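Enquirer: Right, I'll just put the structure down here and ask away after.
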Amino acid sequence: MPDVQSTVLEFVNKLRKRKIEGSQATARCTVELLRSVISHHRVPHHANQASALIDAVKAVGAQLVAANPVELAVGNVVRRVLHIIREEDLSLATAAVAGLDLLDASDDDDEDVNNGKGIGYPAMSAAVVAAAARSTLRPPSLQTLLEGTPESATVPYTSSSGADSESKTADKSSITRKLKHDVIEGVNQLIHEIAGCHEQIAEQAIEHIHQNEVILTLGSSRTVLEFLCAAKEKKRSFRVFVAEGAPRYQGHLLAKELVARGLQTTVITDSAVFAMISRVNMVIIGAHAVMANGGVIGPVGVNMAALAAKKHAVPFVVLAGSHKLCPLYPHNPEVLLNELRSPSELLDFGEFSDCLDFGAGSGSPLLQVVNPTFDYVPPSLGGHNPSYMYRLIADYYSADDLVM
């Protein structure tokens, strides 16, 4: 698939050069690329279709993650697509086993009728087969693990003629097409979910924001913007404090958007967050990623806001789409929590040129500049409940795909 390979390389270059801004746009482009990879992938008849698709998606996903390891949404949606492949393959296998059981029951029923026994067998509907497939997808129980019950059943098949072999080949080809069709449908649903995440989150705004409240936010997040505007559209009157988010001053951009949408907005300095928190009813921030332990990666300065909120018992609300849910832990070696931006955002090199000279014999400049992009909020400080995160991760990801 030469065209797909060129598309993959082009997208890798965009990720490496940071030409795609925002986790939502990055996640959506990644899923659309993986859909194209799945659609154009060809598998030999002797190979397992699901395994071949998983290997192809993992190979492309590893390139994308390596191109921009800080953008955790890339790895998240790659793992979501892998989970979709495994889920659809397991559903087809379960339905096929149930179908064979139905055929066996039907054959036995015919024999009993011919023998005059007249014993009937209950027929399984499509809903029952689907329910059996869903139950198979659930994690094994502790009793199952202790008893050593196999997770999946295999159906023995023996061919006694050339006609049987041709029938088997035709059935496998049909199953292959069905699997790819179902996987692409699942990927399309994931794309729709990512595209509409802002609207889905904004629908809950009326339940969190009340009349005459003061909301504090930090950085620039479209999710937060739509959330606040949705509350205003429901005739809620409130004021928003926006920390400016130095040195990039993303808060200024958010403040302009809020004023343009008719919200009462006050811009404050980052250092004034602790001083103003006593007047605030709720802190609402957007997240770059939500980790498996419930910790949150957000814009730089969010840890300070979380500390202030906890000190004054102010609710701390984190808004994030499902594509930002990362199944990895902050201490995992493949997780890059932060990246340093250019010192020029903080200092004018012309004014500080003397300070940047190398010290005598020290081998390093006397003045060093650290300009991190993100901040980390542990679960104890305002993140999510770890037990809730474990349930979500089990629903969205497969344990075999955590390390690509």
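Just so we're on the same page: first chain in the structure tokens is A, next is B, and so on; residues restart at 1 for each chain, and ligands are numbered from 1 in the order they show up.
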Could you pull the residues within 12 Å of Leu254 in chain A, counting only C-alpha atoms, minus those fewer than 4 positions along the same chain, as a count of residues only?
Expert: 30
Enquirer: Each residue of range 255-329 of chain A with at least one atom at most 8 Å from range 333-337 of chain A should appear once, together with its nearest atom pair and the corresponding distance in Å (one decimal); atoms considered: only C-alpha atoms; ordering: chain, then increasing residue number; output as CSV.
Expert:
residue,atom,partner,partner_atom,distance
A:Ile297,CA,A:Leu337,CA,7.4
A:Leu328,CA,A:Val335,CA,7.4
A:Tyr329,CA,A:Val335,CA,7.6
Enquirer: What does the file look like for those residues with all heavy atoms, as a PDB file, in the first residue's frame?
Expert:
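Final output, part26.pdb:
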ATOM      1  N   ILE A 297      -2.606  15.766  33.724  1.00  0.00           N
ATOM      2  CA  ILE A 297      -1.597  16.619  33.106  1.00  0.00           C
ATOM      3  C   ILE A 297      -2.325  17.786  32.458  1.00  0.00           C
ATOM      4  O   ILE A 297      -3.198  17.593  31.608  1.00  0.00           O
ATOM      5  CB  ILE A 297      -0.772  15.856  32.058  1.00  0.00           C
ATOM      6  CG1 ILE A 297      -0.080  14.658  32.698  1.00  0.00           C
ATOM      7  CG2 ILE A 297       0.250  16.767  31.404  1.00  0.00           C
ATOM      8  CD1 ILE A 297       0.692  13.802  31.705  1.00  0.00           C
ATOM      9  N   LEU A 328      -1.774   4.498  30.784  1.00  0.00           N
ATOM     10  CA  LEU A 328      -0.440   4.363  31.370  1.00  0.00           C
ATOM     11  C   LEU A 328      -0.342   5.173  32.660  1.00  0.00           C
ATOM     12  O   LEU A 328      -1.158   6.057  32.929  1.00  0.00           O
ATOM     13  CB  LEU A 328       0.629   4.827  30.380  1.00  0.00           C
ATOM     14  CG  LEU A 328       0.636   4.124  29.018  1.00  0.00           C
ATOM     15  CD1 LEU A 328       1.687   4.728  28.121  1.00  0.00           C
ATOM     16  CD2 LEU A 328       0.866   2.628  29.177  1.00  0.00           C
ATOM     17  N   TYR A 329       0.698   4.869  33.439  1.00  0.00           N
ATOM     18  CA  TYR A 329       0.949   5.574  34.689  1.00  0.00           C
ATOM     19  C   TYR A 329       2.058   6.616  34.493  1.00  0.00           C
ATOM     20  O   TYR A 329       2.907   6.463  33.596  1.00  0.00           O
ATOM     21  CB  TYR A 329       1.346   4.585  35.781  1.00  0.00           C
ATOM     22  CG  TYR A 329       0.220   3.683  36.212  1.00  0.00           C
ATOM     23  CD1 TYR A 329      -0.051   2.502  35.530  1.00  0.00           C
ATOM     24  CD2 TYR A 329      -0.587   4.019  37.297  1.00  0.00           C
ATOM     25  CE1 TYR A 329      -1.091   1.671  35.914  1.00  0.00           C
ATOM     26  CE2 TYR A 329      -1.628   3.195  37.698  1.00  0.00           C
ATOM     27  CZ  TYR A 329      -1.874   2.028  36.997  1.00  0.00           C
ATOM     28  OH  TYR A 329      -2.908   1.217  37.371  1.00  0.00           O
TER      29      TYR A 329
END
Enquirer: Please list as a VMD selection string every residue within 7 Å of Arg16 in chain A, counting only C-alpha atoms and excluding residues in the same chain fewer than 2 positions away.
Expert: chain A and resid 12 to 14 18 67 to 68
Enquirer: Record the distance separating CA of Leu346 in chain A and CA of Leu253 in chain A, expressed in Å with one decimal.
Expert: 18.4 Å
Enquirer: Name the residues of range 219-339 of chain A that come out as strand (DSSP E or B) in a backbone DSSP run; write them as a list in words.
Expert: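 Matching residues, listed in order: Arg239, Val240, Phe241, Val242, Ala243, Gln264, Thr265, Thr266, Val267, Ile268, Met282, Val283, Ile284, Ile285, Gly286, Ala289, Val290, Val296, Ile297, Gly298, Pro299, Phe316, Val317, Val318, Leu319 and Leu325 of chain A.
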Enquirer: Extract, using only C-alpha atoms, all DNA, RNA and protein residues at most 10 Å from Tyr396 in chain A, discarding same-chain residues fewer than 4 positions from it, and format them as a ChimeraX atom specification.
Expert: /A:76-77,79-84,322-323,325-327,391-392
Enquirer: For those residues, write N, CA, C and O atoms to a file as a tab-separated table (two decimals), in the first residue's frame.
Expert:
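Saved the output as out_36.tsv:
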chain	number	residue	atom	x	y	z
A	76	ASN	N	-3.22	6.99	22.84
A	76	ASN	CA	-4.53	6.60	23.38
A	76	ASN	C	-5.46	6.09	22.29
A	76	ASN	O	-6.08	5.03	22.42
A	77	VAL	N	-5.57	6.84	21.19
A	77	VAL	CA	-6.51	6.43	20.14
A	77	VAL	C	-5.99	5.24	19.36
A	77	VAL	O	-6.78	4.43	18.84
A	79	ARG	N	-4.46	2.73	20.75
A	79	ARG	CA	-4.88	1.62	21.61
A	79	ARG	C	-6.39	1.41	21.55
A	79	ARG	O	-6.86	0.27	21.66
A	80	ARG	N	-7.15	2.49	21.38
A	80	ARG	CA	-8.59	2.34	21.23
A	80	ARG	C	-8.93	1.56	19.96
A	80	ARG	O	-9.82	0.70	19.95
A	81	VAL	N	-8.23	1.86	18.87
A	81	VAL	CA	-8.47	1.15	17.61
A	81	VAL	C	-8.09	-0.32	17.75
A	81	VAL	O	-8.79	-1.23	17.27
A	82	LEU	N	-6.97	-0.60	18.42
A	82	LEU	CA	-6.58	-1.99	18.66
A	82	LEU	C	-7.63	-2.72	19.48
A	82	LEU	O	-7.94	-3.89	19.22
A	83	HIS	N	-8.19	-2.03	20.46
A	83	HIS	CA	-9.25	-2.65	21.28
A	83	HIS	C	-10.49	-2.95	20.44
A	83	HIS	O	-11.15	-3.98	20.63
A	84	ILE	N	-10.80	-2.06	19.51
A	84	ILE	CA	-11.95	-2.27	18.62
A	84	ILE	C	-11.73	-3.53	17.78
A	84	ILE	O	-12.65	-4.35	17.60
A	322	SER	N	-12.80	11.47	26.08
A	322	SER	CA	-12.33	10.10	26.31
A	322	SER	C	-11.01	9.83	25.60
A	322	SER	O	-10.26	8.94	26.01
A	323	HIS	N	-10.68	10.59	24.54
A	323	HIS	CA	-9.41	10.38	23.85
A	323	HIS	C	-8.21	10.85	24.67
A	323	HIS	O	-7.07	10.56	24.32
A	325	LEU	N	-7.96	10.03	27.91
A	325	LEU	CA	-7.78	9.03	28.96
A	325	LEU	C	-6.63	8.11	28.58
A	325	LEU	O	-6.70	7.37	27.60
A	326	CYS	N	-5.54	8.18	29.36
A	326	CYS	CA	-4.33	7.41	29.05
A	326	CYS	C	-4.25	6.19	29.98
A	326	CYS	O	-4.35	6.34	31.20
A	327	PRO	N	-4.08	4.99	29.42
A	327	PRO	CA	-4.03	3.79	30.26
A	327	PRO	C	-2.69	3.56	30.93
A	327	PRO	O	-2.49	2.54	31.58
A	391	ARG	N	-11.95	1.20	35.93
A	391	ARG	CA	-13.13	0.69	35.24
A	391	ARG	C	-13.19	1.25	33.81
A	391	ARG	O	-13.51	0.51	32.86
A	392	LEU	N	-12.92	2.52	33.66
A	392	LEU	CA	-12.93	3.14	32.33
A	392	LEU	C	-11.86	2.53	31.43
A	392	LEU	O	-12.11	2.25	30.26
Enquirer: Check the smallest atom-to-atom distance from each of A:Gly321, A:Val57, A:Phe316, A:Val97 to Gln200 in chain A using only C-alpha atoms, then report the winner.
Expert: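 Looking at the shortest contact to Gln200 in chain A, the residue is A:Gly321.
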Enquirer: Here is a test: counting only C-alpha atoms, which residue of A:Ala246, A:Val314, A:Met404, A:Ala56 is nearest to Val300 in chain A?
Expert: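 The shortest atom-to-atom distance to Val300 in chain A comes from A:Ala246.
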Enquirer: Go through A:Ala308, A:Ile393, A:Ala73, A:Ala292 and flag the residue nearest Ser278 in chain A, using only C-alpha atoms for the distances.
Expert: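 Closest candidate: A:Ala308.
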Enquirer: Using only C-alpha atoms, which protein or nucleic acid residues come within 10 Å of Tyr390 in chain A? Drop anything in the same chain fewer than 3 positions from it, and give the result as a compact mmCIF listing (two decimals) with C-alpha atoms, in the first residue's frame.
Expert:
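Below you can see out_23.txt, which holds the result:
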# COMPACT_ATOMS: atom_id res chain seq x y z
CA ALA A 292 -4.39 5.63 34.79
CA ASN A 293 -3.87 6.54 38.45
CA GLY A 294 -6.28 9.49 38.16
CA PRO A 327 -4.03 3.79 30.26
CA ASN A 385 -10.69 8.51 41.74
CA PRO A 386 -8.30 5.67 40.75
CA SER A 387 -10.99 2.98 41.09
CA ILE A 393 -9.58 1.78 31.19
CA ALA A 394 -10.94 -1.78 31.24
CA ASP A 395 -13.82 -0.65 29.00
Enquirer: Please provide the set of residues having any atom within 10 Å of Pro378 in chain A, restricted to only C-alpha atoms, with same-chain residues fewer than 6 positions apart removed, written as a short mmCIF file (atom, residue, chain, number, x, y, z; two decimals) with N, CA and C atoms, in the first residue's frame.
Expert:
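The resulting around-v3.cif:
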data_model
loop_
_atom_site.label_atom_id
_atom_site.label_comp_id
_atom_site.auth_asym_id
_atom_site.auth_seq_id
_atom_site.Cartn_x
_atom_site.Cartn_y
_atom_site.Cartn_z
N MET A 291 -4.25 10.35 33.52
CA MET A 291 -3.47 9.13 33.61
C MET A 291 -4.26 8.01 34.30
N ASN A 293 -3.73 6.43 37.00
CA ASN A 293 -3.87 6.54 38.45
C ASN A 293 -4.81 7.68 38.86
N GLY A 294 -5.40 8.37 37.88
CA GLY A 294 -6.28 9.49 38.16
C GLY A 294 -5.59 10.83 38.15
N GLY A 295 -4.26 10.86 38.01
CA GLY A 295 -3.54 12.12 37.92
C GLY A 295 -3.85 12.84 36.62
N VAL A 296 -3.70 14.15 36.64
CA VAL A 296 -4.05 14.99 35.50
C VAL A 296 -2.84 15.77 35.03
N ILE A 297 -2.61 15.77 33.72
CA ILE A 297 -1.60 16.62 33.11
C ILE A 297 -2.33 17.79 32.46
N ASN A 303 -1.04 22.95 38.88
CA ASN A 303 -0.76 22.38 40.19
C ASN A 303 -0.94 23.43 41.28
N ALA A 306 -4.61 23.83 41.84
CA ALA A 306 -5.15 22.70 42.59
C ALA A 306 -4.81 22.82 44.08
N PRO A 330 2.07 7.65 35.31
CA PRO A 330 3.10 8.68 35.14
C PRO A 330 4.53 8.15 35.24
N HIS A 384 -8.72 12.36 39.51
CA HIS A 384 -9.88 11.48 39.52
C HIS A 384 -9.66 10.29 40.46
#
Enquirer: Would you mind telling me which residue in A:Val302, A:Leu15, A:Leu33, A:Leu319 lies nearest to Asp270 in chain A when using only C-alpha atoms?
Expert: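 Nearest to Asp270 in chain A: A:Val302.
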Enquirer: How many Å separate CA of His45 in chain A from CA of Ala98 in chain A?
Expert: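 Straight-line distance from CA of His45 in chain A to CA of Ala98 in chain A works out to 23.9 Å.
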Enquirer: For the structure I just gave you, how does DSSP split range 161-385 of chain A - specifically, which residues are alpha helix (DSSP H)? Reply as a PyMOL selection string.
Expert: chain A and resi 162-195+197-202+205-208+222-233+250-260+273-276+302-311
Enquirer: Between A:Ala287, A:Leu190, A:Ala309, A:Val377, which one has atoms that come closest to Val273 in chain A, using only C-alpha atoms?
Expert: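 The answer is A:Ala309, which sits nearest to Val273 in chain A.
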